[in-house]
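One file, query06.txt, carrying compact mmCIF, C-alpha atoms:
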# COMPACT_ATOMS: atom_id res chain seq x y z
CA MET A 1 69.65 -56.91 77.89
CA ALA A 2 69.51 -57.56 74.14
CA ILE A 3 66.87 -58.77 71.68
CA LYS A 4 66.77 -59.51 67.95
CA MET A 5 63.65 -58.39 66.10
CA GLU A 6 62.95 -59.54 62.55
CA VAL A 7 60.86 -57.20 60.37
CA TRP A 8 59.81 -57.42 56.74
CA GLY A 9 57.35 -55.89 54.31
CA ASP A 10 56.50 -55.14 50.69
CA TYR A 11 57.54 -51.48 50.77
CA ALA A 12 59.43 -49.05 53.00
CA CYS A 13 60.20 -45.34 52.93
CA PHE A 14 62.73 -43.90 55.38
CA THR A 15 62.50 -40.36 54.06
CA ARG A 16 65.60 -38.25 53.54
CA PRO A 17 64.96 -34.88 55.27
CA GLU A 18 66.78 -32.94 52.55
CA MET A 19 64.14 -33.94 49.98
CA LYS A 20 61.38 -31.35 50.40
CA ALA A 21 58.86 -31.87 47.59
CA GLU A 22 59.12 -35.60 46.87
CA ARG A 23 59.82 -38.48 49.22
CA VAL A 24 63.07 -40.35 48.66
CA SER A 25 64.03 -43.19 50.98
CA TYR A 26 67.39 -43.89 52.56
CA ASP A 27 68.90 -47.23 51.59
CA ILE A 28 68.31 -48.61 55.10
CA PRO A 29 66.17 -47.80 58.15
CA THR A 30 67.32 -44.97 60.39
CA HIS A 31 67.99 -45.67 64.05
CA GLY A 32 64.86 -43.68 64.94
CA ALA A 33 62.70 -45.78 62.60
CA ALA A 34 64.09 -49.06 63.95
CA ARG A 35 63.65 -47.86 67.54
CA GLY A 36 60.08 -46.82 66.77
CA MET A 37 59.23 -50.30 65.46
CA ILE A 38 60.56 -51.87 68.65
CA GLU A 39 58.68 -49.36 70.82
CA ALA A 40 55.47 -50.20 68.92
CA VAL A 41 55.86 -53.70 70.33
CA PHE A 42 56.94 -52.73 73.84
CA PHE A 43 57.28 -49.24 75.27
CA HIS A 44 57.80 -48.44 78.94
CA PRO A 45 58.97 -45.18 80.54
CA GLY A 46 61.32 -47.23 82.70
CA LEU A 47 63.57 -48.13 79.77
CA VAL A 48 65.09 -46.65 76.64
CA TRP A 49 65.90 -48.67 73.51
CA ARG A 50 69.22 -48.49 71.63
CA VAL A 51 69.57 -50.22 68.25
CA ASP A 52 73.11 -51.61 67.92
CA ARG A 53 73.11 -53.29 64.51
CA ILE A 54 70.88 -53.54 61.46
CA HIS A 55 71.18 -56.71 59.36
CA VAL A 56 69.94 -56.37 55.76
CA LEU A 57 68.61 -59.74 54.55
CA ASN A 58 67.26 -58.78 51.10
CA PRO A 59 69.10 -56.88 48.35
CA ILE A 60 68.49 -53.12 48.47
CA ALA A 61 66.05 -52.31 45.65
CA PHE A 62 64.02 -49.18 44.86
CA THR A 63 60.77 -48.57 43.04
CA ASN A 64 58.84 -45.42 42.07
CA MET A 65 55.27 -44.80 43.17
CA ARG A 66 52.80 -41.93 43.18
CA ARG A 67 51.12 -41.27 46.51
CA ASN A 68 48.09 -39.18 47.44
CA GLU A 69 48.93 -36.58 50.08
CA VAL A 70 47.25 -33.42 51.36
CA LYS A 71 48.86 -29.98 51.11
CA SER A 72 47.25 -28.60 54.29
CA LYS A 73 47.65 -29.55 57.91
CA LEU A 74 45.66 -28.89 61.05
CA SER A 75 47.41 -26.46 63.37
CA ALA A 76 46.98 -26.02 67.12
CA SER A 77 45.77 -22.43 66.63
CA ASN A 78 43.08 -23.57 64.16
CA ALA A 79 41.97 -26.26 66.60
CA MET A 80 41.69 -23.74 69.47
CA SER A 81 39.76 -21.30 67.27
CA ALA A 82 37.33 -24.03 66.22
CA ALA A 83 36.83 -25.09 69.84
CA ARG A 84 36.06 -21.53 70.92
CA ASN A 85 33.69 -20.79 68.03
CA GLY A 86 32.04 -24.17 67.82
CA SER A 87 32.83 -24.42 64.11
CA PRO A 88 33.76 -27.76 62.51
CA LEU A 89 37.42 -28.44 61.89
CA PHE A 90 38.41 -30.63 58.98
CA ILE A 91 40.59 -31.00 55.90
CA ALA A 92 38.71 -31.37 52.63
CA SER A 93 40.86 -33.98 50.94
CA SER A 94 39.03 -33.50 47.62
CA ARG A 95 40.33 -29.91 47.50
CA ASP A 96 43.68 -30.39 49.24
CA ILE A 97 44.77 -33.64 47.65
CA GLN A 98 48.11 -33.71 45.86
CA GLN A 99 49.83 -36.50 44.02
CA ARG A 100 53.52 -36.75 44.73
CA ALA A 101 56.17 -39.10 43.46
CA ALA A 102 58.04 -41.26 45.95
CA MET A 103 61.09 -43.47 45.64
CA LEU A 104 60.44 -46.40 47.97
CA LEU A 105 62.35 -49.49 48.97
CA ARG A 106 60.67 -52.75 47.95
CA ASP A 107 60.69 -56.26 49.38
CA VAL A 108 62.58 -55.31 52.55
CA HIS A 109 63.73 -57.69 55.26
CA TYR A 110 65.80 -56.76 58.32
CA VAL A 111 66.90 -58.01 61.71
CA PHE A 112 67.45 -55.36 64.40
CA GLU A 113 69.84 -56.11 67.23
CA ALA A 114 68.93 -53.84 70.11
CA HIS A 115 69.36 -53.48 73.86
CA PHE A 116 67.63 -51.35 76.47
CA GLU A 117 68.84 -49.33 79.40
CA MET A 118 66.84 -48.74 82.57
CA THR A 119 65.82 -45.15 83.38
CA GLU A 120 64.98 -43.33 86.58
CA LYS A 121 61.29 -43.70 85.72
CA ALA A 122 61.39 -47.45 86.32
CA ASN A 123 59.22 -48.72 89.19
CA PRO A 124 60.84 -50.35 92.25
CA GLY A 125 59.69 -53.79 91.07
CA ASP A 126 61.05 -53.39 87.53
CA ASN A 127 64.23 -55.16 86.47
CA PRO A 128 65.98 -55.97 83.16
CA GLY A 129 65.06 -59.65 83.24
CA LYS A 130 61.37 -58.82 83.62
CA PHE A 131 61.39 -56.39 80.68
CA GLN A 132 63.32 -58.79 78.45
CA ASP A 133 60.83 -61.60 79.14
CA ILE A 134 57.92 -59.28 78.33
CA VAL A 135 59.29 -58.02 75.01
CA LYS A 136 60.30 -61.53 73.86
CA ARG A 137 56.85 -62.86 74.73
CA ARG A 138 55.18 -60.04 72.82
CA LEU A 139 57.40 -60.59 69.77
CA ARG A 140 56.59 -64.30 69.75
CA LYS A 141 52.85 -63.60 70.01
CA GLY A 142 52.87 -60.77 67.46
CA ALA A 143 51.48 -58.37 70.09
CA CYS A 144 51.96 -54.62 69.65
CA TYR A 145 50.53 -51.35 70.96
CA SER A 146 50.27 -50.03 67.40
CA THR A 147 51.13 -51.63 64.07
CA PRO A 148 54.85 -51.11 63.34
CA TYR A 149 55.50 -49.41 60.02
CA LEU A 150 58.50 -49.14 57.75
CA GLY A 151 59.04 -45.39 57.65
CA THR A 152 55.50 -44.32 56.69
CA ARG A 153 52.18 -45.65 57.94
CA GLU A 154 51.22 -46.96 54.51
CA CYS A 155 54.16 -49.38 54.72
CA SER A 156 53.08 -51.72 57.49
CA ALA A 157 55.63 -54.17 58.84
CA HIS A 158 55.43 -57.84 59.75
CA PHE A 159 57.53 -58.75 62.75
CA ARG A 160 58.61 -61.56 65.06
CA LEU A 161 61.41 -62.54 67.40
CA TRP A 162 64.52 -63.77 65.60
CA GLU A 163 65.19 -67.13 67.20
CA GLY A 164 67.54 -68.59 64.60
CA GLY A 165 71.29 -68.78 64.77
CA ASP A 166 73.41 -66.88 62.28
CA ILE A 167 71.63 -64.06 60.47
CA PRO A 168 71.92 -64.50 56.65
CA ALA A 169 72.68 -60.90 55.72
CA ILE A 170 73.43 -60.00 52.11
CA GLN A 171 77.11 -60.16 51.19
CA GLU A 172 77.39 -56.54 50.08
CA SER A 173 79.38 -53.64 51.44
CA ARG A 174 78.89 -49.97 50.66
CA ASP A 175 79.36 -46.49 52.09
CA LEU A 176 75.85 -45.21 52.82
CA GLY A 177 77.02 -41.65 53.43
CA TRP A 178 75.59 -39.26 55.98
CA MET A 179 72.11 -40.12 57.19
CA LEU A 180 69.78 -39.13 59.97
CA TYR A 181 70.38 -41.15 63.12
CA ASP A 182 67.73 -39.85 65.51
CA MET A 183 66.40 -36.72 67.19
CA ASP A 184 68.02 -35.45 70.37
CA TYR A 185 65.29 -34.40 72.84
CA THR A 186 67.64 -33.18 75.57
CA ASP A 187 65.87 -29.83 75.18
CA PRO A 188 62.20 -30.85 74.60
CA GLY A 189 61.36 -27.44 73.20
CA ASN A 190 64.15 -27.52 70.65
CA PRO A 191 64.89 -31.08 69.43
CA GLN A 192 68.04 -31.39 67.34
CA PRO A 193 68.82 -33.90 64.56
CA VAL A 194 71.78 -36.22 64.97
CA PHE A 195 73.51 -37.58 61.84
CA ILE A 196 75.90 -40.48 61.34
CA ARG A 197 78.24 -41.62 58.58
CA ALA A 198 76.88 -45.13 57.96
CA ASN A 199 78.76 -48.01 56.40
CA MET A 200 77.36 -51.42 55.49
CA VAL A 201 79.85 -54.28 55.75
CA ASN A 202 78.63 -57.63 54.43
CA GLY A 203 75.03 -56.54 54.92
CA VAL A 204 75.49 -55.31 58.51
CA ILE A 205 75.41 -51.70 59.72
CA ASP A 206 77.05 -51.33 63.13
CA LEU A 207 75.44 -48.22 64.62
CA THR A 208 77.71 -48.32 67.67
CA ASP A 209 80.79 -47.62 65.51
CA CYS A 210 79.71 -44.69 63.33
CA GLU A 211 81.02 -41.15 63.04
CA VAL A 212 78.46 -38.78 64.61
CA ALA A 213 77.64 -35.18 63.67
CA ARG A 214 75.15 -32.77 65.24
How does the structure come out when it is put into C-alpha cells?
Amino acid sequence: MAIKMEVWGDYACFTRPEMKAERVSYDIPTHGAARGMIEAVFFHPGLVWRVDRIHVLNPIAFTNMRRNEVKSKLSASNAMSAARNGSPLFIASSRDIQQRAAMLLRDVHYVFEAHFEMTEKANPGDNPGKFQDIVKRRLRKGACYSTPYLGTRECSAHFRLWEGGDIPAIQESRDLGWMLYDMDYTDPGNPQPVFIRANMVNGVIDLTDCEVAR
C-alpha cells in the first residue's frame, strides 16, 4: 500500500555523519529522515515504512547559520548516580553552551512516495487497507504523534497528503554521491549504518534503484 506525503519548511539539516565539529546538511533528506517524518504521523508496530522515491520540488539551496548547542550530555550512569544519591541532575546551559556553525538547506519542499509492509506484530484484525485509510486520514487532518522535523528539531516541517496529479519536481539531475541511507537494527545492540550511492534524475531520487554499501 502506497502513500504520497508532501512536506515543506523554511530550513532543513540532514547532517552528514562525517562532519564532526560543525553540522553540514546533505543535499536531500536521507531515507531515515523521510521515514521518521512519516512515522511521526502514523506509527504502528504492525507495519514498517519504506520510502521509495523522493521528489524535490524547490531548487537545492544552502545557507549558513550559527546555532547554540551544549557540549555536555546526560549519561545513563550519571542518571543512576543521581537517583541513588538524591542529587539534582541537570545541564547548566549557561556554562555548557557552544556556538557552532551549520550549513542548512533553505526553503525546502519535497514529496515522499512510500509504502508499508505488514509485520508479525500486526493484530489479527489489522490489514493493509485499514492502515492506509488511517494514515491518509491523519495526513489530511494534519494529525501527528509528534511534530515532524526536517533533520533537526529546530527545523519543523509542514505536511499534508499529496492529492494532486503529476508532481512538479525540479528539472535538475546530479550525482549526490554516497550518503547515509538508514541504520540497520538487525542486531539491536550493535546497529550498523547503511549507505547508498544516490542519483537525482529530473528532481527525483529513486531509492529502490541505488547501489548499497554497508
Notebook entry, point to check: Pick the closest to Phe42 (chain A) from A:Phe195, A:Phe62, A:Trp178, A:Phe131: which is it, counting only C-alpha atoms?
Noted result: A:Phe131
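Minimum distance to Asp10 (chain A) across A:Asp52, A:Glu113, A:Glu163, A:Glu154 (counting only C-alpha atoms) occurs at A:Glu154.
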Notebook entry, point to check: Counting only C-alpha atoms, what is within 7 Å of Lys4 (chain A), bar same-chain residues fewer than 3 positions away, as a VMD selection string?
Noted result: chain A and resid 111 to 114 161 to 162
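Distances from A:Val56, A:Ala102, A:Met183, A:Ala76 to Phe14 (chain A) were compared using only C-alpha atoms, and the smallest one belongs to A:Ala102.
Of the listed residues A:Val24, A:Leu104, A:Ala40, A:Met19, the one whose atoms come nearest to Arg138 (chain A) is A:Ala40, with distances taken using all atoms listed in the file.
Comparing A:Thr208, A:Asn199, A:Gln98, A:Gln192 by their smallest distance to Met179 (chain A), the closest is A:Asn199 (using all atoms listed in the file).
Ranking A:Asp187, A:Ile205, A:Phe159, A:His109 by their shortest atom-to-atom distance to His31 (chain A), with all atoms listed in the file included, puts A:Ile205 first.
Of note, CA of Gly177 (chain A) and CA of Thr30 (chain A) are spaced 12.4 Å apart.
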Checklist line | Point-to-point distance in Å for CA of Leu57 (chain A) and CA of Gly151 (chain A) | finding: 17.5 Å
Output region 16-27 of chain A with all heavy atoms present, as an mmCIF file, in the coordinates of the input.
data_model
loop_
_atom_site.group_PDB
_atom_site.id
_atom_site.type_symbol
_atom_site.label_atom_id
_atom_site.label_comp_id
_atom_site.auth_asym_id
_atom_site.auth_seq_id
_atom_site.Cartn_x
_atom_site.Cartn_y
_atom_site.Cartn_z
ATOM 1 N N ARG A 16 64.461 -39.153 53.372
ATOM 2 C CA ARG A 16 65.600 -38.250 53.540
ATOM 3 C C ARG A 16 65.070 -36.840 53.839
ATOM 4 O O ARG A 16 64.271 -36.302 53.062
ATOM 5 C CB ARG A 16 66.435 -38.217 52.266
ATOM 6 C CG ARG A 16 67.163 -39.528 51.962
ATOM 7 C CD ARG A 16 67.897 -39.437 50.642
ATOM 8 N NE ARG A 16 68.681 -40.620 50.383
ATOM 9 C CZ ARG A 16 69.959 -40.790 50.738
ATOM 10 N NH1 ARG A 16 70.581 -39.805 51.363
ATOM 11 N NH2 ARG A 16 70.600 -41.902 50.474
ATOM 12 N N PRO A 17 65.502 -36.203 54.919
ATOM 13 C CA PRO A 17 64.960 -34.880 55.270
ATOM 14 C C PRO A 17 65.331 -33.791 54.282
ATOM 15 O O PRO A 17 64.662 -32.755 54.222
ATOM 16 C CB PRO A 17 65.565 -34.610 56.654
ATOM 17 C CG PRO A 17 66.784 -35.469 56.716
ATOM 18 C CD PRO A 17 66.469 -36.686 55.915
ATOM 19 N N GLU A 18 66.389 -33.994 53.491
ATOM 20 C CA GLU A 18 66.780 -32.940 52.550
ATOM 21 C C GLU A 18 65.882 -32.897 51.320
ATOM 22 O O GLU A 18 65.945 -31.942 50.551
ATOM 23 C CB GLU A 18 68.247 -33.129 52.125
ATOM 24 C CG GLU A 18 68.528 -34.376 51.294
ATOM 25 C CD GLU A 18 68.918 -35.575 52.139
ATOM 26 O OE1 GLU A 18 68.532 -35.610 53.323
ATOM 27 O OE2 GLU A 18 69.605 -36.476 51.615
ATOM 28 N N MET A 19 65.050 -33.925 51.119
ATOM 29 C CA MET A 19 64.140 -33.940 49.980
ATOM 30 C C MET A 19 62.815 -33.301 50.407
ATOM 31 O O MET A 19 62.076 -33.891 51.196
ATOM 32 C CB MET A 19 63.907 -35.371 49.484
ATOM 33 C CG MET A 19 65.181 -36.094 49.102
ATOM 34 S SD MET A 19 66.028 -35.282 47.724
ATOM 35 C CE MET A 19 67.416 -36.391 47.476
ATOM 36 N N LYS A 20 62.518 -32.117 49.905
ATOM 37 C CA LYS A 20 61.380 -31.350 50.400
ATOM 38 C C LYS A 20 60.081 -31.684 49.668
ATOM 39 O O LYS A 20 59.047 -31.897 50.291
ATOM 40 C CB LYS A 20 61.662 -29.843 50.279
ATOM 41 C CG LYS A 20 62.877 -29.383 51.051
ATOM 42 C CD LYS A 20 62.720 -29.606 52.545
ATOM 43 C CE LYS A 20 63.906 -29.044 53.320
ATOM 44 N NZ LYS A 20 63.798 -29.269 54.760
ATOM 45 N N ALA A 21 60.110 -31.715 48.349
ATOM 46 C CA ALA A 21 58.860 -31.870 47.590
ATOM 47 C C ALA A 21 58.467 -33.332 47.440
ATOM 48 O O ALA A 21 57.307 -33.690 47.622
ATOM 49 C CB ALA A 21 59.002 -31.220 46.223
ATOM 50 N N GLU A 22 59.411 -34.192 47.099
ATOM 51 C CA GLU A 22 59.120 -35.600 46.870
ATOM 52 C C GLU A 22 59.809 -36.442 47.940
ATOM 53 O O GLU A 22 60.845 -36.054 48.473
ATOM 54 C CB GLU A 22 59.603 -36.037 45.481
ATOM 55 C CG GLU A 22 59.236 -35.079 44.359
ATOM 56 C CD GLU A 22 57.742 -35.004 44.092
ATOM 57 O OE1 GLU A 22 56.993 -35.816 44.652
ATOM 58 O OE2 GLU A 22 57.318 -34.122 43.320
ATOM 59 N N ARG A 23 59.236 -37.580 48.217
ATOM 60 C CA ARG A 23 59.820 -38.480 49.220
ATOM 61 C C ARG A 23 60.845 -39.401 48.548
ATOM 62 O O ARG A 23 60.540 -40.045 47.554
ATOM 63 C CB ARG A 23 58.735 -39.324 49.890
ATOM 64 C CG ARG A 23 57.793 -38.516 50.767
ATOM 65 C CD ARG A 23 56.833 -39.443 51.494
ATOM 66 N NE ARG A 23 55.854 -38.712 52.273
ATOM 67 C CZ ARG A 23 56.037 -38.311 53.530
ATOM 68 N NH1 ARG A 23 57.178 -38.583 54.138
ATOM 69 N NH2 ARG A 23 55.089 -37.668 54.174
ATOM 70 N N VAL A 24 62.023 -39.446 49.118
ATOM 71 C CA VAL A 24 63.070 -40.350 48.660
ATOM 72 C C VAL A 24 63.603 -41.086 49.886
ATOM 73 O O VAL A 24 63.981 -40.455 50.884
ATOM 74 C CB VAL A 24 64.215 -39.604 47.951
ATOM 75 C CG1 VAL A 24 65.322 -40.578 47.536
ATOM 76 C CG2 VAL A 24 63.689 -38.850 46.744
ATOM 77 N N SER A 25 63.641 -42.398 49.826
ATOM 78 C CA SER A 25 64.030 -43.190 50.980
ATOM 79 C C SER A 25 65.542 -43.338 51.088
ATOM 80 O O SER A 25 66.261 -43.390 50.085
ATOM 81 C CB SER A 25 63.385 -44.581 50.895
ATOM 82 O OG SER A 25 63.789 -45.394 51.983
ATOM 83 N N TYR A 26 66.030 -43.410 52.331
ATOM 84 C CA TYR A 26 67.390 -43.890 52.560
ATOM 85 C C TYR A 26 67.478 -45.346 52.110
ATOM 86 O O TYR A 26 66.469 -46.030 51.935
ATOM 87 C CB TYR A 26 67.724 -43.816 54.057
ATOM 88 C CG TYR A 26 68.060 -42.443 54.586
ATOM 89 C CD1 TYR A 26 67.263 -41.842 55.556
ATOM 90 C CD2 TYR A 26 69.197 -41.768 54.170
ATOM 91 C CE1 TYR A 26 67.577 -40.594 56.079
ATOM 92 C CE2 TYR A 26 69.521 -40.519 54.684
ATOM 93 C CZ TYR A 26 68.712 -39.937 55.636
ATOM 94 O OH TYR A 26 69.026 -38.701 56.138
ATOM 95 N N ASP A 27 68.696 -45.839 51.985
ATOM 96 C CA ASP A 27 68.900 -47.230 51.590
ATOM 97 C C ASP A 27 68.517 -48.208 52.701
ATOM 98 O O ASP A 27 68.210 -49.375 52.430
ATOM 99 C CB ASP A 27 70.369 -47.475 51.215
ATOM 100 C CG ASP A 27 70.782 -46.727 49.963
ATOM 101 O OD1 ASP A 27 69.985 -45.922 49.461
ATOM 102 O OD2 ASP A 27 71.913 -46.946 49.486
#
